[in-house]
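Take a look at the structure set out below.
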Amino acid sequence: MESSVLAELNAEIGRGYDRIAYDPVLDASLDLERLLGLSVLFGGTPPRDPDVLDFGSGTGSLLERLATQTQGRLTGVDISAQACERAAARCRPFGSRVNVLCRDFLALDPDTLGQFDVACHIGVLYVLPPALRAEVLRLLGRCLKPGGALVISYYTGAFHAARAALHRSVREAVSPGEAGIPAARAHIEAMAQALPPAGPLRDMLLAVMRTTQELPDTVFFHEVLNGRFDTLETAQLDSALSPFGVGFAGWLDPLAQPPGSTPRERAVAADALDYAAARYRHAVFVRMDAGARPDVARPAWRSCCVAAAPSAEGRRYQLRGQDVHLTVHQPRAAAVLDALAQGPLPWESIVAAWGHGAPESALRAGLESLWRGGAIAPLWPRQG
Ligand SMILES: C[S@@+](CC[C@H](N)C(=O)[O-])C[C@H]1O[C@@H](n2cnc3c(N)ncnc32)[C@H](O)[C@@H]1O
């Protein structure tokens with residue numbers, strides 16, 4: 001696609017965000033201590049007050065939240081003038097530490113953008129025109145400092161791929177713009193009515209359509225009518241970032257982590273795990289040595305379990321917010337999990353909870369498997 005055509009398409013998408021603001025309410029899931037916890041596990045080296053880039057900063061809710069977590073410099077970039085105005089107003093209390101640039105990603109010069117310890121690209125890559133994605137990944141790869149961390153969110157797997165196909169077919173059938181929302185919803189309803197009366201295909205497609213119909217109008221507009229909507233593959237992103245020495249570490253979401261001893265192996269495993277599922281992922285990439293093994297002694301840790309009960313085989317835990325249970329047979333590992341239930345702990349306290357007289361290698365292996373199983377998650381032990 002010619003760059004002038006792409007620039008006009010980007011501007012049109014930006015005007016869509018001017019008219020219908022996307023303004024999420026944030027929780028702790030993107031907090032620096034979580035993101036940087038995963039990065040230090042893989043050898044990331046954040047300074048005490050990291051500089052942060054929010055690429056596609058929208059109305060500034062993430063900039064505002066992160067500005068309370070670092071005394072570093074924060075830069076937001078977004079094409080929507082309205083969104084940038086709101087972001088700048090929201091971040092005014094932080095003075096010149098926060099800078100919001102109203103630009104098309106396509107028009108950015110990587111040499112003047114600067115270098116960052118943390119880059120966030122949340123809710124953006126999968127709604128961009130595909131021709132822009134490679135350029136955005138190049139910019140993100142180039143702007144990360146050594147030891148820096150990048151988080152990208154995207155949909156994965158067959159279920160959301162079916163939603164992407166649905167959105168494409170709706171986009172072709174109804175007029176663009178927010179006036180098209182009722183027609184788009186009616187179009188999906190008509191497709192549902194036309195499904196075969198029974199069978200597994202019907203159930204799956206109805207679930208696909210229901211998921212899109214249940215979106216609030218704001219999100220529905222941006223995912224169905226304004227620009228694109230695609231699923232992405234973790235291995236694709238890892239390949240695009242690897243020329244910059246940036247590799248996939250793992251998922252920020254405290255769920256079972258993909259196995260593998262290199263970024264490439266982990267990314268391919270991530271895709272294999274995700275194909276059959278419906279996920280919205282927050283993947284963390286770190287500018288690191290590709291062979292970096294997770295070192296469980298570097299971060300602090302928090303529990304992701306909600307309940308524990310004794311059972312014949314050991315202690316039973318439930319992963320928070322999930323219908324997933326795990327049984328821990330090793331009493332020392334259970335002691336660590338129980339200690340973490342009281343609050344996050346640094347490595348030294350975990351060693352103490354584990355108890356003396358057993359090899360540290362067993363603790364390291366046990367902690368890594370609790371993390372891989374989604375029972376615990378790393379936290380950044382900010383120092384200095
Ligand atoms: C779904 S919103 C997400 C905003 C924010 N990250 C959040 O999570 O609230 C996508 C954002 O990407 C911005 N965007 C889309 N295309 C862009 C482009 N070509 N250059 C810069 N920003 C763009 C939009 O203006 C919009 O604010």
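Ligands are numbered from 1 in the order shown, residues from 1 within each chain, and chains are lettered A, B, ... in the order they appear in the structure tokens.
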
Which residues of range 270-353 of chain A sit at most 12 Å from range 223-233 of chain A, using only C-alpha atoms? Give each one's shortest atom pair and distance in Å (one decimal place), in chain and ascending residue order, as a Markdown table.
| residue | atom | partner | partner_atom | distance |
| --- | --- | --- | --- | --- |
| A:Ala270 | CA | A:Glu233 | CA | 8.5 |
| A:Asp271 | CA | A:Glu233 | CA | 6.2 |
| A:Ala272 | CA | A:Glu233 | CA | 9.7 |
| A:Leu273 | CA | A:Glu233 | CA | 11.1 |
| A:Asp274 | CA | A:Glu233 | CA | 8.9 |
| A:Tyr275 | CA | A:Glu233 | CA | 9.1 |
| A:Ala277 | CA | A:Thr231 | CA | 11.9 |
| A:Ala278 | CA | A:Thr231 | CA | 10.1 |
| A:Arg279 | CA | A:Thr231 | CA | 9.7 |
| A:Tyr280 | CA | A:Thr231 | CA | 9.3 |
| A:Arg281 | CA | A:Leu232 | CA | 9.9 |
| A:His282 | CA | A:Leu232 | CA | 11.7 |
| A:Ala283 | CA | A:Glu233 | CA | 10.5 |

File of the preceding selection, N, CA, C and O atoms, as a PDB file, in the first residue's frame:
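Everything below was put into result.pdb:
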ATOM      1  N   ALA A 270       3.503 -20.706  22.721  1.00  0.00           N
ATOM      2  CA  ALA A 270       2.375 -19.825  23.050  1.00  0.00           C
ATOM      3  C   ALA A 270       1.296 -19.951  21.980  1.00  0.00           C
ATOM      4  O   ALA A 270       0.101 -20.078  22.280  1.00  0.00           O
ATOM      5  N   ASP A 271       1.711 -19.941  20.714  1.00  0.00           N
ATOM      6  CA  ASP A 271       0.726 -20.058  19.628  1.00  0.00           C
ATOM      7  C   ASP A 271       0.041 -21.421  19.661  1.00  0.00           C
ATOM      8  O   ASP A 271      -1.170 -21.518  19.459  1.00  0.00           O
ATOM      9  N   ALA A 272       0.832 -22.472  19.930  1.00  0.00           N
ATOM     10  CA  ALA A 272       0.238 -23.817  19.972  1.00  0.00           C
ATOM     11  C   ALA A 272      -0.821 -23.871  21.077  1.00  0.00           C
ATOM     12  O   ALA A 272      -1.907 -24.420  20.885  1.00  0.00           O
ATOM     13  N   LEU A 273      -0.518 -23.268  22.232  1.00  0.00           N
ATOM     14  CA  LEU A 273      -1.485 -23.275  23.337  1.00  0.00           C
ATOM     15  C   LEU A 273      -2.713 -22.437  22.999  1.00  0.00           C
ATOM     16  O   LEU A 273      -3.824 -22.740  23.417  1.00  0.00           O
ATOM     17  N   ASP A 274      -2.500 -21.357  22.236  1.00  0.00           N
ATOM     18  CA  ASP A 274      -3.590 -20.407  22.002  1.00  0.00           C
ATOM     19  C   ASP A 274      -4.502 -20.764  20.834  1.00  0.00           C
ATOM     20  O   ASP A 274      -5.626 -20.282  20.770  1.00  0.00           O
ATOM     21  N   TYR A 275      -4.014 -21.599  19.889  1.00  0.00           N
ATOM     22  CA  TYR A 275      -4.825 -21.843  18.693  1.00  0.00           C
ATOM     23  C   TYR A 275      -6.231 -22.309  19.040  1.00  0.00           C
ATOM     24  O   TYR A 275      -7.204 -21.870  18.451  1.00  0.00           O
ATOM     25  N   ALA A 277      -7.857 -21.833  21.706  1.00  0.00           N
ATOM     26  CA  ALA A 277      -8.509 -21.098  22.792  1.00  0.00           C
ATOM     27  C   ALA A 277      -8.990 -19.730  22.311  1.00  0.00           C
ATOM     28  O   ALA A 277      -8.803 -19.348  21.171  1.00  0.00           O
ATOM     29  N   ALA A 278      -9.612 -19.009  23.212  1.00  0.00           N
ATOM     30  CA  ALA A 278      -9.997 -17.628  22.929  1.00  0.00           C
ATOM     31  C   ALA A 278      -9.326 -16.776  23.984  1.00  0.00           C
ATOM     32  O   ALA A 278      -9.711 -16.814  25.139  1.00  0.00           O
ATOM     33  N   ARG A 279      -8.303 -16.054  23.594  1.00  0.00           N
ATOM     34  CA  ARG A 279      -7.560 -15.290  24.590  1.00  0.00           C
ATOM     35  C   ARG A 279      -7.356 -13.855  24.145  1.00  0.00           C
ATOM     36  O   ARG A 279      -7.196 -13.578  22.961  1.00  0.00           O
ATOM     37  N   TYR A 280      -7.316 -12.970  25.138  1.00  0.00           N
ATOM     38  CA  TYR A 280      -6.801 -11.624  24.916  1.00  0.00           C
ATOM     39  C   TYR A 280      -5.522 -11.583  25.728  1.00  0.00           C
ATOM     40  O   TYR A 280      -5.565 -11.634  26.959  1.00  0.00           O
ATOM     41  N   ARG A 281      -4.383 -11.551  25.044  1.00  0.00           N
ATOM     42  CA  ARG A 281      -3.092 -11.710  25.703  1.00  0.00           C
ATOM     43  C   ARG A 281      -2.385 -10.385  25.933  1.00  0.00           C
ATOM     44  O   ARG A 281      -2.501  -9.463  25.116  1.00  0.00           O
ATOM     45  N   HIS A 282      -1.622 -10.350  27.019  1.00  0.00           N
ATOM     46  CA  HIS A 282      -0.645  -9.287  27.216  1.00  0.00           C
ATOM     47  C   HIS A 282       0.708  -9.986  27.205  1.00  0.00           C
ATOM     48  O   HIS A 282       1.059 -10.662  28.176  1.00  0.00           O
ATOM     49  N   ALA A 283       1.423  -9.865  26.092  1.00  0.00           N
ATOM     50  CA  ALA A 283       2.703 -10.566  25.964  1.00  0.00           C
ATOM     51  C   ALA A 283       3.831  -9.596  26.293  1.00  0.00           C
ATOM     52  O   ALA A 283       3.803  -8.433  25.882  1.00  0.00           O
TER      53      ALA A 283
END

With the cut-off set at 12 Å and counting only C-alpha atoms, tabulate each residue of range 24-79 of chain A with an atom at most that distance from an atom of range 340-349 of chain A, showing the nearest atom pair and its distance in Å to one decimal, ordered by chain and increasing number, as JSON lines.
{"residue": "A:Glu33", "atom": "CA", "partner": "A:Pro344", "partner_atom": "CA", "distance": 11.3}
{"residue": "A:Arg34", "atom": "CA", "partner": "A:Pro344", "partner_atom": "CA", "distance": 11.5}
{"residue": "A:Gly37", "atom": "CA", "partner": "A:Pro346", "partner_atom": "CA", "distance": 11.4}
{"residue": "A:Leu41", "atom": "CA", "partner": "A:Trp347", "partner_atom": "CA", "distance": 11.8}

Just write the chosen residues, C-alpha atoms, as a compact mmCIF listing (two decimals), in the first residue's frame.
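Below is the file that was written, selection_25.txt:
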# COMPACT_ATOMS: atom_id res chain seq x y z
CA GLU A 33 5.80 -3.82 39.25
CA ARG A 34 4.07 -6.65 37.35
CA GLY A 37 8.70 -8.40 37.46
CA LEU A 41 12.94 -12.74 35.71

What lies within 6 Å of range 313-315 of chain A using only C-alpha atoms, ignoring chain neighbours under 4 positions off, as a tab-separated table (two decimals) with N, CA, C and O atoms, in the first residue's frame?
chain	number	residue	atom	x	y	z
A	309	ALA	N	-6.87	-26.15	50.51
A	309	ALA	CA	-7.51	-27.13	51.39
A	309	ALA	C	-6.67	-28.39	51.36
A	309	ALA	O	-6.12	-28.73	50.31
A	327	THR	N	-2.82	-29.38	42.84
A	327	THR	CA	-2.47	-30.03	44.09
A	327	THR	C	-0.96	-29.98	44.24
A	327	THR	O	-0.23	-30.36	43.33
A	328	VAL	N	-0.52	-29.46	45.37
A	328	VAL	CA	0.92	-29.35	45.63
A	328	VAL	C	1.30	-30.48	46.59
A	328	VAL	O	0.81	-30.53	47.72
A	329	HIS	N	2.15	-31.38	46.11
A	329	HIS	CA	2.51	-32.55	46.91
A	329	HIS	C	3.65	-32.23	47.88
A	329	HIS	O	3.77	-32.84	48.93

Give me the residues of chain A that have any atom at most 6 Å from an atom of ligand 1; for each, the nearest atom pair and the distance in Å, rounded to one decimal. Use only C-alpha atoms and all ligand atoms, sort by chain and number, and format it as a Markdown table.
| residue | atom | partner | partner_atom_place_in_ligand_line | distance |
| --- | --- | --- | --- | --- |
| A:Asn10 | CA | ligand 1 | 19 (N) | 4.7 |
| A:Gly14 | CA | ligand 1 | 25 (O) | 4.7 |
| A:Tyr17 | CA | ligand 1 | 25 (O) | 5.2 |
| A:Tyr22 | CA | ligand 1 | 2 (S) | 5.8 |
| A:Asp23 | CA | ligand 1 | 9 (O) | 5.5 |
| A:Pro24 | CA | ligand 1 | 9 (O) | 5.3 |
| A:Gly56 | CA | ligand 1 | 12 (O) | 4.2 |
| A:Ser57 | CA | ligand 1 | 6 (N) | 4.5 |
| A:Gly58 | CA | ligand 1 | 27 (O) | 3.4 |
| A:Asp78 | CA | ligand 1 | 22 (N) | 3.7 |
| A:Ile79 | CA | ligand 1 | 21 (C) | 3.9 |
| A:Ser80 | CA | ligand 1 | 25 (O) | 4.3 |
| A:Arg103 | CA | ligand 1 | 21 (C) | 5.7 |
| A:Asp104 | CA | ligand 1 | 20 (N) | 3.5 |
| A:Phe105 | CA | ligand 1 | 20 (N) | 4.0 |
| A:Ile122 | CA | ligand 1 | 6 (N) | 4.4 |
| A:Gly123 | CA | ligand 1 | 3 (C) | 4.5 |
| A:Val124 | CA | ligand 1 | 10 (C) | 4.5 |
| A:Leu128 | CA | ligand 1 | 16 (N) | 5.7 |

Write out as a ChimeraX atom specification which residues come within 12 Å of Ala183 in chain A when counting only C-alpha atoms, dropping same-chain ones fewer than 3 positions away. /A:170-180,186-190,221,224-225

Keeping only C-alpha atoms, write the selected residues as an mmCIF file, in the first residue's frame.
data_model
loop_
_atom_site.group_PDB
_atom_site.id
_atom_site.type_symbol
_atom_site.label_atom_id
_atom_site.label_comp_id
_atom_site.auth_asym_id
_atom_site.auth_seq_id
_atom_site.Cartn_x
_atom_site.Cartn_y
_atom_site.Cartn_z
ATOM 1 C CA VAL A 170 -19.940 -6.976 8.371
ATOM 2 C CA ARG A 171 -17.561 -4.181 7.290
ATOM 3 C CA GLU A 172 -18.088 -5.160 3.670
ATOM 4 C CA ALA A 173 -21.861 -5.220 4.039
ATOM 5 C CA VAL A 174 -22.694 -1.995 5.898
ATOM 6 C CA SER A 175 -21.685 1.635 5.553
ATOM 7 C CA PRO A 176 -18.719 2.762 7.666
ATOM 8 C CA GLY A 177 -18.964 5.295 10.475
ATOM 9 C CA GLU A 178 -20.856 5.181 13.748
ATOM 10 C CA ALA A 179 -24.187 5.532 11.906
ATOM 11 C CA GLY A 180 -23.514 1.983 10.725
ATOM 12 C CA ALA A 186 -28.850 -6.129 12.563
ATOM 13 C CA HIS A 187 -26.600 -7.760 9.955
ATOM 14 C CA ILE A 188 -25.071 -10.050 12.591
ATOM 15 C CA GLU A 189 -28.531 -10.876 13.919
ATOM 16 C CA ALA A 190 -29.658 -11.825 10.389
ATOM 17 C CA PHE A 221 -17.543 0.572 16.565
ATOM 18 C CA VAL A 224 -16.098 -3.865 13.717
ATOM 19 C CA LEU A 225 -16.375 -0.656 11.703
#

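Among the candidates A:Glu214, A:Glu8, A:Asp338, A:Asp109, the residue lying nearest to Arg142 in chain A is A:Asp109 (atoms considered: only C-alpha atoms).
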
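The environment of range 252-269 of chain A within 6 Å, counting only C-alpha atoms and disregarding residues fewer than 4 places along the same chain, consists of Thr234, Ala235, Gly247, Phe248, His282, Ala283, Ala290, Gly291, Arg372, Gly373 and Gly374 of chain A.
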
Could you pull out all residues of range 46-195 of chain A with a DSSP call of helix (DSSP H, G or I) and give them as a PyMOL selection string? chain A and resi 61-67+81-90+92-97+105-107+110-113+125-127+130-142+157-173+178-193
